[in-house]
file coords23.tsv (TSV, C-alpha atoms and all ligand atoms)
chain	number	residue	atom	x	y	z
A	114	MET	CA	-16.55	-59.04	9.62
A	115	ALA	CA	-13.99	-61.16	7.84
A	116	LEU	CA	-10.51	-59.77	8.17
A	117	ASP	CA	-8.15	-59.56	5.25
A	118	ASN	CA	-5.10	-61.04	6.89
A	119	SER	CA	-2.75	-60.34	4.03
A	120	GLN	CA	-3.20	-56.62	4.68
A	121	GLN	CA	-3.07	-56.84	8.42
A	122	THR	CA	0.02	-58.93	8.80
A	123	PHE	CA	3.62	-59.02	7.69
A	124	GLY	CA	4.53	-62.72	7.75
A	125	GLN	CA	3.79	-63.79	11.31
A	126	PHE	CA	3.96	-60.20	12.59
A	127	GLY	CA	1.50	-57.34	12.89
A	128	GLY	CA	-2.21	-57.97	13.25
A	129	ARG	CA	-4.79	-56.29	15.40
A	130	TYR	CA	-4.56	-57.46	19.02
A	131	VAL	CA	-6.96	-55.12	20.77
A	132	PRO	CA	-9.76	-55.23	23.34
A	133	GLU	CA	-13.24	-55.58	21.90
A	134	PRO	CA	-14.35	-51.93	21.97
A	135	LEU	CA	-11.44	-51.04	19.72
A	136	GLU	CA	-12.03	-53.72	17.09
A	137	ASP	CA	-14.81	-51.86	15.30
A	138	VAL	CA	-13.04	-48.52	15.65
A	139	LEU	CA	-9.96	-49.92	13.90
A	140	ALA	CA	-12.01	-51.68	11.24
A	141	ASP	CA	-13.64	-48.33	10.44
A	142	LEU	CA	-10.27	-46.60	10.38
A	143	ALA	CA	-8.92	-49.26	8.01
A	144	ASP	CA	-11.92	-48.75	5.71
A	145	GLU	CA	-11.45	-45.01	5.76
A	146	TYR	CA	-7.77	-45.42	4.95
A	147	ASP	CA	-8.50	-47.80	2.08
A	148	ARG	CA	-10.87	-45.17	0.72
A	149	VAL	CA	-8.48	-42.20	0.79
A	150	LYS	CA	-5.49	-44.25	-0.37
A	151	ASP	CA	-6.90	-44.50	-3.86
A	152	ASP	CA	-8.68	-41.16	-3.89
A	153	ASP	CA	-7.00	-38.80	-6.36
A	154	GLU	CA	-8.50	-35.70	-4.78
A	155	PHE	CA	-7.22	-36.61	-1.33
A	156	GLN	CA	-3.75	-37.40	-2.68
A	157	ALA	CA	-3.62	-34.13	-4.62
A	158	GLU	CA	-4.55	-32.18	-1.50
A	159	LEU	CA	-1.90	-34.02	0.51
A	160	ASP	CA	0.75	-33.49	-2.18
A	161	GLU	CA	0.02	-29.79	-2.20
A	162	LEU	CA	0.44	-29.53	1.57
A	163	LEU	CA	3.64	-31.58	1.44
A	164	ARG	CA	4.98	-29.17	-1.15
A	165	ASP	CA	3.75	-25.75	0.01
A	166	PHE	CA	3.53	-26.25	3.75
A	167	ALA	CA	6.15	-28.89	4.55
A	168	GLY	CA	8.75	-28.00	1.90
A	169	ARG	CA	8.91	-31.16	-0.20
A	170	PRO	CA	10.62	-32.52	-2.13
A	171	THR	CA	13.57	-32.57	0.23
A	172	PRO	CA	16.97	-32.58	-1.51
A	173	LEU	CA	19.15	-35.60	-2.12
A	174	TYR	CA	22.64	-34.40	-1.36
A	175	HIS	CA	25.95	-35.99	-2.35
A	176	ALA	CA	28.06	-35.59	0.78
A	177	SER	CA	31.45	-35.57	-0.90
A	178	ARG	CA	33.70	-34.92	2.08
A	179	LEU	CA	31.95	-37.53	4.23
A	180	SER	CA	32.13	-39.91	1.26
A	181	GLU	CA	35.86	-39.47	1.08
A	182	LYS	CA	36.24	-40.07	4.81
A	183	TYR	CA	33.97	-43.14	4.95
A	184	GLY	CA	35.00	-44.72	1.63
A	185	ALA	CA	31.75	-44.97	-0.37
A	186	LYS	CA	29.69	-42.53	-2.40
A	187	ILE	CA	27.24	-41.26	0.21
A	188	TYR	CA	23.99	-39.48	-0.57
A	189	LEU	CA	21.93	-37.94	2.23
A	190	LYS	CA	18.15	-37.71	1.95
A	191	ARG	CA	17.57	-34.41	3.69
A	192	GLU	CA	14.45	-34.95	5.82
A	193	ASP	CA	16.15	-32.62	8.30
A	194	LEU	CA	15.22	-29.75	5.98
A	195	MET	CA	11.52	-30.35	6.19
A	196	HIS	CA	9.22	-28.11	8.25
A	197	GLY	CA	9.38	-29.21	11.86
A	198	GLY	CA	12.92	-30.46	11.38
A	199	ALA	CA	12.20	-34.14	10.82
A	200	HIS	CA	10.28	-36.67	8.74
A	201	LYS	CA	7.46	-36.92	11.29
A	202	LEU	CA	5.33	-34.30	9.55
A	203	ASN	CA	4.85	-36.51	6.43
A	204	ASN	CA	2.76	-38.89	8.49
A	205	ALA	CA	1.10	-36.28	10.69
A	206	LEU	CA	-0.14	-34.40	7.62
A	207	GLY	CA	-1.52	-37.55	6.01
A	208	GLN	CA	-3.42	-38.69	9.08
A	209	ALA	CA	-4.73	-35.23	9.98
A	210	LEU	CA	-6.06	-34.71	6.48
A	211	MET	CA	-7.68	-38.12	6.60
A	212	ALA	CA	-9.28	-37.32	9.97
A	213	LYS	CA	-10.64	-34.10	8.56
A	214	HIS	CA	-12.10	-35.87	5.51
A	215	ALA	CA	-13.72	-38.41	7.83
A	216	GLY	CA	-15.44	-35.57	9.70
A	217	LYS	CA	-13.46	-35.97	12.93
A	218	GLU	CA	-13.17	-32.95	15.21
A	219	ARG	CA	-10.32	-33.96	17.49
A	220	LEU	CA	-6.80	-35.25	17.12
A	221	ILE	CA	-5.08	-37.03	19.95
A	222	ALA	CA	-1.53	-38.33	20.10
A	223	GLU	CA	0.97	-39.64	22.56
A	224	THR	CA	4.50	-38.44	22.63
A	225	GLY	CA	7.70	-39.43	24.40
A	226	ALA	CA	10.36	-36.84	23.79
A	227	GLY	CA	7.80	-34.48	22.26
A	228	GLN	CA	8.82	-34.64	18.59
A	229	HIS	CA	5.67	-36.44	17.47
A	230	GLY	CA	3.56	-34.29	19.80
A	231	THR	CA	5.00	-31.23	18.13
A	232	ALA	CA	4.29	-32.59	14.62
A	233	THR	CA	0.72	-33.30	15.72
A	234	ALA	CA	0.33	-29.81	17.20
A	235	ILE	CA	1.52	-28.38	13.87
A	236	VAL	CA	-1.12	-30.25	11.88
A	237	GLY	CA	-3.73	-29.49	14.51
A	238	ALA	CA	-3.13	-25.77	14.01
A	239	LEU	CA	-3.01	-26.23	10.23
A	240	THR	CA	-6.33	-28.08	10.00
A	241	GLY	CA	-8.09	-26.34	12.87
A	242	LEU	CA	-8.81	-29.66	14.56
A	243	GLU	CA	-8.84	-29.61	18.36
A	244	THR	CA	-5.63	-31.30	19.51
A	245	GLU	CA	-4.73	-33.07	22.74
A	246	ILE	CA	-1.36	-34.61	23.43
A	247	TYR	CA	-0.65	-37.20	26.12
A	248	GLN	CA	2.85	-37.10	27.52
A	249	GLY	CA	4.30	-38.74	30.62
A	250	LYS	CA	4.97	-36.24	33.40
A	251	LYS	CA	8.63	-37.27	33.46
A	252	ASP	CA	8.99	-36.53	29.77
A	253	VAL	CA	7.19	-33.18	30.01
A	254	GLU	CA	9.70	-32.09	32.61
A	255	ARG	CA	12.65	-33.25	30.51
A	256	GLN	CA	11.33	-31.61	27.34
A	257	GLN	CA	10.19	-28.13	28.35
A	258	MET	CA	10.88	-26.65	24.93
A	259	ASN	CA	8.59	-29.07	23.09
A	260	ALA	CA	5.89	-28.66	25.76
A	261	PHE	CA	6.02	-24.91	25.22
A	262	ARG	CA	5.87	-25.25	21.42
A	263	MET	CA	2.89	-27.62	21.53
A	264	GLU	CA	0.94	-25.27	23.77
A	265	GLN	CA	1.83	-22.21	21.68
A	266	MET	CA	0.35	-23.96	18.67
A	267	GLY	CA	-2.90	-24.42	20.54
A	268	ALA	CA	-2.62	-28.05	21.60
A	269	THR	CA	-3.66	-29.15	25.07
A	270	LEU	CA	-0.91	-31.06	26.80
A	271	ASN	CA	-2.12	-33.74	29.19
A	272	GLU	CA	0.52	-34.79	31.68
A	273	VAL	CA	0.21	-38.48	32.44
A	274	THR	CA	1.14	-39.34	36.02
A	275	ARG	CA	0.03	-42.97	36.25
A	276	GLY	CA	2.42	-45.94	36.22
A	277	GLY	CA	5.93	-44.92	35.36
A	278	ALA	CA	4.72	-41.55	33.95
A	279	GLY	CA	6.45	-42.37	30.64
A	280	LEU	CA	5.64	-43.12	27.01
A	281	ALA	CA	3.89	-46.47	27.61
A	282	ASP	CA	1.53	-44.79	30.12
A	283	ALA	CA	0.83	-42.00	27.64
A	284	VAL	CA	-0.13	-44.64	25.03
A	285	ASP	CA	-2.58	-46.23	27.50
A	286	ALA	CA	-4.15	-42.85	28.25
A	287	ALA	CA	-4.52	-42.05	24.53
A	288	LEU	CA	-6.13	-45.45	23.84
A	289	GLU	CA	-8.65	-44.89	26.63
A	290	ASP	CA	-9.48	-41.50	25.17
A	291	LEU	CA	-10.00	-43.12	21.75
A	292	ILE	CA	-12.32	-45.81	23.13
A	293	GLU	CA	-14.41	-43.12	24.82
A	294	ASN	CA	-14.43	-40.57	21.98
A	295	PHE	CA	-13.93	-42.48	18.73
A	296	ASP	CA	-17.00	-40.85	17.16
A	297	ASN	CA	-15.28	-37.50	16.83
A	298	THR	CA	-11.62	-38.34	17.51
A	299	HIS	CA	-8.67	-39.61	15.49
A	300	TYR	CA	-5.66	-41.09	17.26
A	301	LEU	CA	-2.63	-39.93	15.29
A	302	VAL	CA	-0.06	-42.68	15.87
A	303	GLY	CA	3.50	-41.50	15.23
A	304	SER	CA	5.31	-44.51	13.78
A	305	VAL	CA	4.78	-47.81	11.95
A	306	VAL	CA	3.62	-49.45	15.16
A	307	GLY	CA	0.45	-50.54	16.92
A	308	PRO	CA	-2.46	-52.57	15.56
A	309	ASP	CA	-3.52	-52.54	11.90
A	310	PRO	CA	-4.03	-50.24	10.02
A	311	TRP	CA	-1.36	-47.95	11.49
A	312	PRO	CA	1.79	-49.85	10.44
A	313	ARG	CA	0.82	-49.88	6.74
A	314	MET	CA	-0.85	-46.47	6.83
A	315	VAL	CA	2.14	-44.71	8.40
A	316	ARG	CA	4.47	-46.60	6.05
A	317	ASP	CA	2.52	-45.36	3.05
A	318	PHE	CA	2.48	-41.76	4.28
A	319	GLN	CA	6.25	-41.92	4.87
A	320	SER	CA	6.97	-43.62	1.53
A	321	VAL	CA	7.21	-40.20	-0.07
A	322	ILE	CA	10.80	-40.27	1.26
A	323	GLY	CA	11.81	-43.35	-0.73
A	324	GLU	CA	9.76	-42.41	-3.79
A	325	GLU	CA	11.55	-39.09	-4.06
A	326	ALA	CA	14.94	-40.59	-3.25
A	327	ARG	CA	14.49	-43.28	-5.90
A	328	GLU	CA	13.74	-40.71	-8.57
A	329	GLN	CA	16.53	-38.39	-7.40
A	330	ILE	CA	19.23	-41.05	-7.29
A	331	LEU	CA	18.25	-42.31	-10.74
A	332	GLU	CA	18.55	-38.77	-12.01
A	333	GLN	CA	21.85	-37.99	-10.28
A	334	GLU	CA	23.58	-41.38	-10.60
A	335	GLY	CA	21.72	-42.98	-13.47
A	336	ALA	CA	21.40	-46.11	-11.33
A	337	LEU	CA	19.87	-47.42	-8.13
A	338	PRO	CA	21.99	-47.26	-4.96
A	339	ASP	CA	23.90	-50.32	-3.80
A	340	ALA	CA	22.54	-49.93	-0.30
A	341	ALA	CA	20.12	-47.84	1.78
A	342	VAL	CA	20.59	-47.04	5.46
A	343	ALA	CA	18.23	-45.58	8.06
A	344	CYS	CA	17.80	-45.52	11.83
A	345	VAL	CA	15.00	-47.54	13.40
A	346	GLY	CA	13.06	-46.45	16.45
A	347	GLY	CA	9.49	-47.49	15.75
A	348	GLY	CA	10.74	-47.66	12.19
A	349	SER	CA	8.79	-45.09	10.18
A	350	ASN	CA	11.60	-43.13	8.52
A	351	ALA	CA	13.35	-46.40	7.64
A	352	MET	CA	10.19	-47.98	6.24
A	353	GLY	CA	9.47	-44.78	4.31
A	354	LEU	CA	12.88	-44.97	2.69
A	355	PHE	CA	12.98	-48.74	2.11
A	356	HIS	CA	9.45	-49.55	0.97
A	357	PRO	CA	9.70	-48.03	-2.54
A	358	PHE	CA	12.91	-50.03	-3.09
A	359	TYR	CA	11.46	-53.30	-1.75
A	360	ASP	CA	11.34	-55.03	-5.13
A	361	ASP	CA	14.79	-53.76	-6.14
A	362	GLU	CA	16.61	-56.75	-4.76
A	363	GLU	CA	20.00	-55.34	-5.72
A	364	VAL	CA	19.51	-52.59	-3.14
A	365	ASP	CA	20.64	-53.86	0.29
A	366	PHE	CA	18.80	-52.48	3.31
A	367	HIS	CA	20.53	-51.73	6.60
A	368	GLY	CA	18.67	-50.60	9.72
A	369	ALA	CA	20.42	-48.96	12.67
A	370	GLU	CA	18.88	-49.87	16.01
A	371	ALA	CA	19.93	-48.15	19.22
A	372	ALA	CA	22.33	-50.46	21.04
A	373	GLY	CA	22.54	-47.85	23.82
A	374	LYS	CA	25.36	-48.70	26.19
A	375	GLY	CA	25.93	-52.03	24.38
A	376	LEU	CA	23.80	-55.07	23.52
A	377	ASP	CA	25.14	-56.85	26.64
A	378	SER	CA	24.82	-53.84	28.95
A	379	GLY	CA	21.17	-54.33	29.87
A	380	GLN	CA	20.47	-50.81	28.56
A	381	HIS	CA	19.48	-50.58	24.92
A	382	ALA	CA	16.57	-50.30	22.50
A	383	ALA	CA	17.47	-52.97	19.92
A	384	PRO	CA	14.70	-55.61	19.84
A	385	LEU	CA	15.75	-56.97	16.44
A	386	SER	CA	19.39	-57.48	17.41
A	387	SER	CA	18.55	-58.73	20.89
A	388	GLY	CA	14.99	-59.39	22.00
A	389	LYS	CA	11.98	-61.67	21.73
A	390	GLU	CA	8.75	-62.07	19.81
A	391	GLU	CA	5.68	-60.84	21.67
A	392	VAL	CA	2.27	-59.23	21.38
A	393	TYR	CA	2.86	-55.63	22.41
A	394	GLN	CA	0.68	-52.52	22.07
A	395	GLY	CA	-1.78	-54.28	19.78
A	396	MET	CA	0.71	-55.90	17.38
A	397	ARG	CA	2.80	-59.08	17.21
A	398	THR	CA	6.37	-57.93	16.92
A	399	ARG	CA	9.75	-58.04	18.60
A	400	VAL	CA	10.50	-56.28	21.89
A	401	ILE	CA	13.54	-56.05	24.13
A	402	ASP	CA	13.91	-58.64	26.91
A	403	ASP	CA	12.21	-58.05	30.27
A	404	ASP	CA	15.47	-57.51	32.13
A	405	VAL	CA	16.65	-54.85	29.68
A	406	GLU	CA	16.06	-51.21	30.53
A	407	VAL	CA	15.05	-49.24	27.41
A	408	HIS	CA	17.74	-46.68	26.69
A	409	SER	CA	19.24	-44.65	23.89
A	410	VAL	CA	21.09	-41.37	23.78
A	411	ALA	CA	18.52	-40.50	21.08
A	412	ALA	CA	15.10	-39.90	22.64
A	413	GLY	CA	13.31	-40.88	19.41
A	414	LEU	CA	14.91	-44.34	19.40
A	415	ASP	CA	14.11	-44.99	23.04
A	416	TYR	CA	11.27	-47.47	22.35
A	417	PRO	CA	11.14	-51.10	23.58
A	418	GLY	CA	9.43	-52.49	20.47
A	419	VAL	CA	9.63	-52.03	16.71
A	420	GLY	CA	7.17	-51.91	13.82
A	421	PRO	CA	5.97	-55.38	12.75
A	422	GLU	CA	7.04	-54.95	9.13
A	423	HIS	CA	10.63	-54.51	10.31
A	424	ALA	CA	10.29	-57.69	12.37
A	425	ASN	CA	9.31	-59.39	9.12
A	426	TYR	CA	12.11	-57.75	7.09
A	427	SER	CA	14.47	-59.13	9.73
A	428	GLU	CA	12.90	-62.60	9.75
A	429	THR	CA	13.04	-62.82	5.94
A	430	ASP	CA	16.51	-61.23	5.68
A	431	ARG	CA	15.31	-58.42	3.41
A	432	CYS	CA	17.06	-55.98	5.75
A	433	SER	CA	19.96	-56.50	8.10
A	434	TYR	CA	19.71	-54.72	11.44
A	435	HIS	CA	22.71	-53.61	13.42
A	436	GLY	CA	23.00	-52.21	16.92
A	437	VAL	CA	24.74	-48.83	17.07
A	438	VAL	CA	25.99	-47.80	20.52
A	439	ASP	CA	25.56	-44.27	21.91
A	440	GLU	CA	29.26	-43.55	21.60
A	441	ASP	CA	29.41	-44.38	17.88
A	442	ALA	CA	26.31	-42.24	17.22
A	443	LEU	CA	27.96	-39.29	18.98
A	444	GLU	CA	31.09	-39.76	16.89
A	445	ALA	CA	29.00	-39.79	13.70
A	446	PHE	CA	27.20	-36.66	14.91
A	447	GLN	CA	30.56	-34.89	15.06
A	448	ASP	CA	31.68	-36.28	11.71
A	449	LEU	CA	28.66	-34.84	9.95
A	450	CYS	CA	29.07	-31.49	11.69
A	451	GLU	CA	32.77	-31.25	10.85
A	452	TYR	CA	32.82	-32.69	7.34
A	453	GLU	CA	29.54	-31.39	5.94
A	454	GLY	CA	28.36	-28.50	8.10
A	455	ILE	CA	25.17	-30.38	8.93
A	456	VAL	CA	24.03	-30.83	12.55
A	457	PRO	CA	22.04	-34.10	12.53
A	458	ALA	CA	19.53	-35.35	15.08
A	459	LEU	CA	20.99	-37.97	17.41
A	460	GLU	CA	18.55	-40.49	15.93
A	461	SER	CA	19.85	-39.81	12.42
A	462	SER	CA	23.42	-39.98	13.73
A	463	HIS	CA	22.81	-43.69	14.30
A	464	ALA	CA	22.19	-44.06	10.55
A	465	VAL	CA	25.37	-42.12	9.78
A	466	ALA	CA	27.35	-44.34	12.17
A	467	LEU	CA	25.98	-47.43	10.44
A	468	ALA	CA	26.78	-45.92	7.04
A	469	LYS	CA	30.40	-45.74	8.18
A	470	GLN	CA	30.38	-49.48	9.00
A	471	VAL	CA	28.62	-50.44	5.77
A	472	ALA	CA	31.01	-48.30	3.70
A	473	GLU	CA	33.96	-50.26	5.06
A	474	ASP	CA	32.92	-53.19	2.86
A	475	MET	CA	32.24	-51.04	-0.19
A	476	ASP	CA	34.30	-49.52	-2.98
A	477	GLU	CA	34.61	-45.78	-3.19
A	478	ASP	CA	32.25	-45.57	-6.16
A	479	ASP	CA	29.59	-47.80	-4.60
A	480	VAL	CA	26.51	-45.73	-3.82
A	481	LEU	CA	25.12	-45.57	-0.30
A	482	LEU	CA	21.80	-43.81	0.37
A	483	VAL	CA	21.40	-42.57	3.94
A	484	ASN	CA	18.21	-41.17	5.41
A	485	LEU	CA	18.94	-38.07	7.46
A	486	SER	CA	15.67	-38.23	9.38
A	487	GLY	CA	16.02	-34.96	11.31
A	488	ARG	CA	18.11	-32.02	12.35
A	489	GLY	CA	19.98	-31.81	15.62
A	490	ASP	CA	19.03	-28.45	17.09
A	491	LYS	CA	16.92	-30.23	19.70
A	492	ASP	CA	19.96	-32.22	20.83
A	493	VAL	CA	22.80	-29.72	20.99
A	494	GLU	CA	22.20	-28.68	24.61
A	495	LYS	CA	22.19	-32.27	25.81
A	496	ILE	CA	25.31	-33.11	23.85
A	497	ALA	CA	27.13	-30.02	25.08
A	498	ASN	CA	26.18	-30.58	28.72
A	499	GLU	CA	26.34	-34.33	29.08
A	500	TYR	CA	28.85	-35.58	26.56
A	501	LEU	CA	31.30	-32.89	25.60
A	502	ALA	CA	31.53	-31.19	29.02
A	601	LIG	C1	11.11	-39.83	16.01
A	601	LIG	C2	12.35	-39.81	15.24
A	601	LIG	C3	12.98	-41.01	14.79
A	601	LIG	C4	12.48	-42.38	15.14
A	601	LIG	O1	11.23	-42.72	14.65
A	601	LIG	P1	11.03	-43.75	13.44
A	601	LIG	O2	9.58	-44.04	13.48
A	601	LIG	O3	11.87	-44.95	13.73
A	601	LIG	O4	11.45	-43.07	12.22
A	601	LIG	C5	14.12	-40.90	14.01
A	601	LIG	N1	14.65	-39.70	13.69
A	601	LIG	C6	14.09	-38.54	14.12
A	601	LIG	C7	14.74	-37.25	13.74
A	601	LIG	C8	12.94	-38.56	14.89
A	601	LIG	O5	12.39	-37.40	15.33
call {"tool": "encode", "arguments": {"input": "coords23.tsv", "output": "structure tokens"}}
result
Amino acid sequence: MALDNSQQTFGQFGGRYVPEPLEDVLADLADEYDRVKDDDEFQAELDELLRDFAGRPTPLYHASRLSEKYGAKIYLKREDLMHGGAHKLNNALGQALMAKHAGKERLIAETGAGQHGTATAIVGALTGLETEIYQGKKDVERQQMNAFRMEQMGATLNEVTRGGAGLADAVDAALEDLIENFDNTHYLVGSVVGPDPWPRMVRDFQSVIGEEAREQILEQEGALPDAAVACVGGGSNAMGLFHPFYDDEEVDFHGAEAAGKGLDSGQHAAPLSSGKEEVYQGMRTRVIDDDVEVHSVAAGLDYPGVGPEHANYSETDRCSYHGVVDEDALEAFQDLCEYEGIVPALESSHAVALAKQVAEDMDEDDVLLVNLSGRGDKDVEKIANEYLA
């Protein structure tokens, strides 16, 4: 079958680099996605779930005390207030509904820290689809709370012991499951990563963030923002915020990558600031260098690659990416707690830390839109024990 490269790729990035048995599976998935994308009935059903089950629209909040401290007019897009405590459910709902429409009976997903596994378990319970989560044994042990939640919601948790017993090994296990069971199984990928169609499909399901924010800021400010900021792990919350503003060239994009202990420390997760171009997990994108150990204080940013569309945004200068070190994210975490009474996820704290830097070059009435991708309840124990002790 002839491939439509313009859909599959973002400049030189993206594509579908997979072993043969997966090629047809992904072509079918792409067809199914193209069908539901323009199907009014599907979209209406999804919109209803986003509203009644997930709690959308999320508010756009003018953080006036933080604005005063940082020196620009800061608006927070409150994805932390959504069901599940983060943006991840936008995508999980979309894919689960699609799987159901396609007649699939099983959902599978991989998870690192357990946030995406939890979102998948939620939609598994909601749709009644059988749900299996692959998680590295090391991560299961570190994330007991999420493991418990997933199992309570009826998902089967498969501990992966092969290789390094981490996220990459869980991805391999999930892909093998998909190859074996594609007839009745949908692999619910958690970010704008992997082979086509996931990067564009996940982007579209997350674009509800930017679509709402665009409308809300126009209503509240009567103008578009001067800049938009989001953290970038795989890149789904950032792409969801940015994409609906893509053609608004006056809106600058800033992405916060995890610089971990520093870009020169050998421990970070910032492939756009410091890394190389490579084919990785089915896509051409950027990944960290071989001698760098993937690390971030934020579990959800602890990923060696990045979505291919971000690699292209970086290449074409549509977005500027900055490394935010652990220490600055922790400081931003405390700022948001103290000045606004909001406990942000450590991932989102990277966006807040970058907002502080960006605001330094702005006037106090310049408008800065920041995606608050999730709430920090999951992180408070770690912060209390490891960083504030
Ligand atoms: C998973 C997660 C992220 C990182 O994922 P993206 O795909 O880069 O958005 C960011 N924030 C929170 C709260 C998360 O749970």
call {"tool": "axis_aligned_box", "arguments": {"input": "coords23.tsv", "around": "ligand LIG 601 (chain A)", "padding_each_side": "3 Å", "output": "lines of an AutoDock Vina configuration file"}}
result
center_x = 12.2
center_y = -41.1
center_z = 14.1
size_x = 11.2
size_y = 13.7
size_z = 9.8
call {"tool": "closest_residue", "arguments": {"input": "coords23.tsv", "among": "A:Asp377, A:Asp137, A:Glu451, A:Glu499", "to": "Val410 in chain A", "atoms": "all atoms listed in the file"}}
result
A:Glu499
call {"tool": "atom_distance", "arguments": {"input": "coords23.tsv", "atom1": "CA of Glu181 in chain A", "atom2": "CA of Asp448 in chain A"}}
result
11.9 Å
call {"tool": "closest_atom_pairs", "arguments": {"input": "coords23.tsv", "of": "chain A", "to": "ligand LIG 601 (chain A)", "cutoff": "7 Å", "atoms": "only C-alpha atoms and all ligand atoms", "output": "tab-separated table"}}
result
residue	atom	partner	partner_atom	distance
A:Ala199	CA	A:LIG601	C7	5.0
A:His200	CA	A:LIG601	C7	6.7
A:Lys201	CA	A:LIG601	O5	6.4
A:Gln228	CA	A:LIG601	O5	5.6
A:His229	CA	A:LIG601	C1	6.6
A:Gly303	CA	A:LIG601	O2	6.8
A:Ser304	CA	A:LIG601	O2	4.3
A:Val305	CA	A:LIG601	O2	6.3
A:Cys344	CA	A:LIG601	O3	6.3
A:Val345	CA	A:LIG601	O3	4.1
A:Gly346	CA	A:LIG601	O3	3.3
A:Gly347	CA	A:LIG601	O3	4.0
A:Gly348	CA	A:LIG601	O3	3.3
A:Ser349	CA	A:LIG601	O2	3.6
A:Asn350	CA	A:LIG601	O4	3.7
A:Ala351	CA	A:LIG601	O4	6.0
A:Gly413	CA	A:LIG601	C1	4.2
A:Leu414	CA	A:LIG601	C4	5.3
A:Ala458	CA	A:LIG601	C7	5.3
A:Glu460	CA	A:LIG601	N1	4.6
A:Ser461	CA	A:LIG601	N1	5.4
A:Ser486	CA	A:LIG601	C7	4.6
A:Gly487	CA	A:LIG601	C7	3.6
A:Arg488	CA	A:LIG601	C7	6.4
call {"tool": "closest_residue", "arguments": {"input": "coords23.tsv", "among": "A:Trp311, A:Tyr426, A:Tyr174, A:Tyr146", "to": "Gln394 in chain A", "atoms": "only C-alpha atoms"}}
result
A:Trp311
call {"tool": "closest_residue", "arguments": {"input": "coords23.tsv", "among": "A:Asp439, A:Asp402, A:Asp152, A:Asp144", "to": "Ala464 in chain A", "atoms": "all atoms listed in the file"}}
result
A:Asp439
call {"tool": "residues_near_point", "arguments": {"input": "coords23.tsv", "point": "(14.0, -59.0, 23.1)", "cutoff": "6 Å", "atoms": "only C-alpha atoms", "output": "list in words"}}
result
Pro384, Ser387, Gly388, Lys389, Val400, Ile401 and Asp402 of chain A
call {"tool": "residues_around", "arguments": {"input": "coords23.tsv", "residues": "Met258 in chain A", "least_positions_apart": "5", "cutoff": "12 Å", "atoms": "all atoms listed in the file", "output": "list of chain:residue names"}}
result
A:Ala226, A:Gly227, A:Gln228, A:Gly230, A:Thr231, A:Asp252, A:Val253, A:Met263, A:Glu264, A:Gln265, A:Asp490, A:Lys491, A:Asp492, A:Glu494
call {"tool": "atom_distance", "arguments": {"input": "coords23.tsv", "atom1": "CA of Phe446 in chain A", "atom2": "CA of Glu328 in chain A"}}
result
27.4 Å
call {"tool": "closest_residue", "arguments": {"input": "coords23.tsv", "among": "A:Gly249, A:Gly207, A:Gly241, A:Gly197", "to": "Gly168 in chain A", "atoms": "only C-alpha atoms"}}
result
A:Gly197
call {"tool": "closest_residue", "arguments": {"input": "coords23.tsv", "among": "A:Asp478, A:Met195, A:Ala424, A:Leu459", "to": "Val306 in chain A", "atoms": "all atoms listed in the file"}}
result
A:Ala424
call {"tool": "closest_residue", "arguments": {"input": "coords23.tsv", "among": "A:Arg169, A:His356, A:His214, A:Arg275", "to": "Glu324 in chain A", "atoms": "all atoms listed in the file"}}
result
A:His356
call {"tool": "atom_distance", "arguments": {"input": "coords23.tsv", "atom1": "CA of Asp403 in chain A", "atom2": "CA of Gly373 in chain A"}}
result
15.9 Å
call {"tool": "residues_around", "arguments": {"input": "coords23.tsv", "residues": "Ser409 in chain A", "least_positions_apart": "6", "cutoff": "8 Å", "atoms": "only C-alpha atoms", "output": "ChimeraX atom specification"}}
result
/A:371-374,380-382,415,439
call {"tool": "residues_around", "arguments": {"input": "coords23.tsv", "residues": "Ala212 in chain A", "least_positions_apart": "6", "cutoff": "10 Å", "atoms": "all atoms listed in the file", "output": "ChimeraX atom specification"}}
result
/A:142,145-146,206,218-220,240,242,297-301
